[in-house]
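Undergrad: My questions will all concern the structure given below.
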Number of protein chains: 2
Amino acid sequence: MKQNGSDNKLISGRLETAGVIPTAQRIAIYRYLLCEANHPTAEEIKTWADKNFPKLSLATVYNTLNVLIEANLLKEVKVPHEAKILYDSNISYHHHFLDEDSGELVDIPSELVEVTSTLAKEFQVHDIQVLMRGKRQKTRTQH
Amino acid sequence: MKQNGSDNKLISGRLETAGVIPTAQRIAIYRYLLCEANHPTAEEIKTWADKNFPKLSLATVYNTLNVLIEANLLKEVKVPHEAKILYDSNISYHHHFLDEDSGELVDIPSELVEVTSTLAKEFQVHDIQVLMRGKRQKTRTQH
DNA sequence: TTTTAATAATAGAATAATTCTAAAATTAGA
DNA sequence: TCTAATTTTAGAATTATTCTATTATTAAAA
């Protein structure tokens, strides 16, 4: 799903709907987040931009990420023993699996994880996030 | 449960069992983590040390935390939108509730949260951590 | 005990991710 | 076009954490 310009309108519309002025930089970064990247760091976004959107500054990467978060189009994910923030453009309710070998973070649909809690009613839970850590078995080749 | 010296032996023994040489600084920090603090940051530990263990340096705080983590006596917790690492001296399997008002992180016993996942068998899960976010209702005063 | 070797603690410098600042560029509306 | 508001930018500042080199402490050996 490489950038082809055809979904510019769609991306732009989503930004506007969320109250974000759709500048060229924001559209580019948001499309990268939605269509090409998988939980990238700010650094990865900058590296991508250096190839695909010259002159886009690191400050703009951070500004845009924070604008998207503020507009509820993006979420931060912090992972233990990983210094950099990961960004998640999937804003629907879901969970994560962290591959201990590759460091890759994989989205897990909420349907695959059932969480039942019996906390004291004092605790009003608004959000639950489940982070599973482990290894991903290499899928065996068919003969 | 203020420090009284009586559990020095116990703390010291736990460190030794874990293969950590029990120096005065390590015992002090580990006791603070176990008995007084609740998911402190390195900064909070340093502030406590400035009052209770003069001359203990910030470098030693970080060194000790990393030694404890390496020895499996301590775990890191990273929370979204919180820059600093929180440290958790409860190493048994449990979950967390983050109070959105106070920022306080509360341990939730694993018995109170049931997690049932049906991931593809490709995913070998070694650890699950559940972070619940929400507000804590003020408990109503009895008349 | 002394001696020696290994380990830990320390102050301060270095690193690195993110945020801030102030100026220039762009945009949107009048 | 003019004006005001917003965004982008480069580079400086901030801040949590780690590193470095030295000194202090500990543990074991003689």
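Letters A, B, ... go to the chains of the structure tokens in the order shown; residues in each chain start at 1; ligands are counted from 1 in the same order.
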Show which residues sit within 12 Å of Glu16 of chain B, as a list in words. Count only C-alpha atoms (C1' of nucleotides), and ignore same-chain residues fewer than 6 positions away.

TA: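 That gives Lys9, Leu10, Pro22, Thr23, Arg26, Ile27, Leu68, Ala71 and Leu73 of chain B.
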
Undergrad: Counting only C-alpha atoms (C1' of nucleotides), what is within 9 Å of segment 30-32 of chain B, bar same-chain residues fewer than 5 positions away, as a VMD selection string?

TA: chain B and resid 2 to 3 7 to 8 11 15 25 37 45 48 64 to 65 68 89

Undergrad: Which of segment 2-134 of chain B counts as alpha helix (DSSP H) under DSSP, as a ChimeraX atom specification please?

TA: /B:8-17,24-31,42-52,58-70

Undergrad: Using only C-alpha atoms (C1' of nucleotides), tabulate the residues of chain B lying at most 10 Å from any atom of chain C, each with its closest atom pair and that distance in Å to one decimal, by chain and increasing residue number, as JSON lines.

TA:
```
{"residue": "B:Ile21", "atom": "CA", "partner": "C:DT7", "partner_atom": "C1'", "distance": 9.0}
{"residue": "B:Thr23", "atom": "CA", "partner": "C:DA8", "partner_atom": "C1'", "distance": 8.1}
{"residue": "B:Gln25", "atom": "CA", "partner": "C:DA9", "partner_atom": "C1'", "distance": 8.8}
{"residue": "B:Lys55", "atom": "CA", "partner": "C:DT10", "partner_atom": "C1'", "distance": 8.8}
{"residue": "B:Leu56", "atom": "CA", "partner": "C:DA9", "partner_atom": "C1'", "distance": 8.1}
{"residue": "B:Ser57", "atom": "CA", "partner": "C:DT10", "partner_atom": "C1'", "distance": 6.4}
{"residue": "B:Leu58", "atom": "CA", "partner": "C:DT10", "partner_atom": "C1'", "distance": 8.9}
{"residue": "B:Ala59", "atom": "CA", "partner": "C:DT10", "partner_atom": "C1'", "distance": 7.4}
{"residue": "B:Thr60", "atom": "CA", "partner": "C:DA9", "partner_atom": "C1'", "distance": 6.4}
{"residue": "B:Asn63", "atom": "CA", "partner": "C:DA9", "partner_atom": "C1'", "distance": 9.3}
{"residue": "B:Thr64", "atom": "CA", "partner": "C:DA8", "partner_atom": "C1'", "distance": 9.9}
{"residue": "B:Ala83", "atom": "CA", "partner": "C:DT18", "partner_atom": "C1'", "distance": 9.6}
```

Undergrad: For the residues selected in the previous step, produce a file with C-alpha atoms as a CSV table (one decimal), in the first residue's frame.

TA:
```
chain,number,residue,atom,x,y,z
B,21,ILE,CA,26.3,-8.2,47.3
B,23,THR,CA,26.0,-3.1,50.5
B,25,GLN,CA,23.3,1.6,49.9
B,55,LYS,CA,25.8,11.1,50.4
B,56,LEU,CA,24.1,8.4,48.4
B,57,SER,CA,24.6,9.6,44.8
B,58,LEU,CA,22.1,9.6,42.0
B,59,ALA,CA,24.4,7.3,40.0
B,60,THR,CA,24.1,4.7,42.8
B,63,ASN,CA,23.1,1.5,39.4
B,64,THR,CA,21.2,-0.2,42.2
B,83,ALA,CA,8.4,10.5,31.1
```

Undergrad: I'd like to know which residues of chain B are strand (DSSP E) (by DSSP, run on the backbone); could you write them as number ranges by chain?

TA: B: 75-77, 86-88, 94-99, 105-109, 113-117, 123-136

Undergrad: Give one line per residue of chain B that approaches chain A to at most 8 Å, naming the two atoms of the closest pair and their distance in Å to one decimal, counting only C-alpha atoms; sort by chain then ascending residue number and deliver it as CSV.

TA:
```
residue,atom,partner,partner_atom,distance
B:Glu76,CA,A:Pro80,CA,6.4
B:Val77,CA,A:Pro80,CA,6.3
B:Lys78,CA,A:Pro80,CA,5.9
B:Val79,CA,A:Lys78,CA,6.5
B:Pro80,CA,A:Lys78,CA,5.9
B:His81,CA,A:Glu76,CA,7.6
B:Leu112,CA,A:Thr118,CA,5.2
B:Val113,CA,A:Ser117,CA,4.2
B:Glu114,CA,A:Thr116,CA,5.0
B:Val115,CA,A:Val115,CA,4.6
B:Thr116,CA,A:Glu114,CA,5.0
B:Ser117,CA,A:Val113,CA,4.2
B:Thr118,CA,A:Leu112,CA,5.2
B:Leu119,CA,A:Leu112,CA,6.2
B:Lys121,CA,A:Gln137,CA,8.0
B:Glu122,CA,A:Gln137,CA,4.8
B:Phe123,CA,A:Arg136,CA,4.8
B:Gln124,CA,A:Lys135,CA,5.3
B:Val125,CA,A:Gly134,CA,4.4
B:His126,CA,A:Gly134,CA,4.8
B:Asp127,CA,A:Arg133,CA,5.2
B:Ile128,CA,A:Met132,CA,4.5
B:Gln129,CA,A:Leu131,CA,5.3
B:Val130,CA,A:Val130,CA,4.6
B:Leu131,CA,A:Gln129,CA,5.3
B:Met132,CA,A:Ile128,CA,4.5
B:Arg133,CA,A:Asp127,CA,5.2
B:Gly134,CA,A:Val125,CA,4.4
B:Lys135,CA,A:Gln124,CA,5.3
B:Arg136,CA,A:Phe123,CA,4.8
B:Gln137,CA,A:Glu122,CA,4.9
B:Lys138,CA,A:Glu122,CA,7.2
B:Thr139,CA,A:Glu122,CA,6.9
```

Undergrad: Considering only C-alpha atoms (C1' of nucleotides), extract the chain D residues located within 12 Å of chain B and return them as a ChimeraX atom specification.

TA: /D:15-20,25-27

Undergrad: May I have the selected residues written with C-alpha atoms (C1' of nucleotides), as a JSON list (two decimals), in the first residue's frame?

TA:
```json
[["chain", "number", "residue", "atom", "x", "y", "z"],
["D", 15, "DT", "C1'", 15.72, 16.12, 31.23],
["D", 16, "DA", "C1'", 16.01, 11.24, 32.34],
["D", 17, "DT", "C1'", 19.38, 8.03, 32.17],
["D", 18, "DT", "C1'", 24.00, 6.15, 31.27],
["D", 19, "DC", "C1'", 28.93, 6.41, 31.08],
["D", 20, "DT", "C1'", 33.70, 7.42, 32.75],
["D", 25, "DT", "C1'", 34.87, -0.53, 50.24],
["D", 26, "DT", "C1'", 34.57, -5.28, 50.54],
["D", 27, "DA", "C1'", 36.16, -10.28, 50.40]]
```
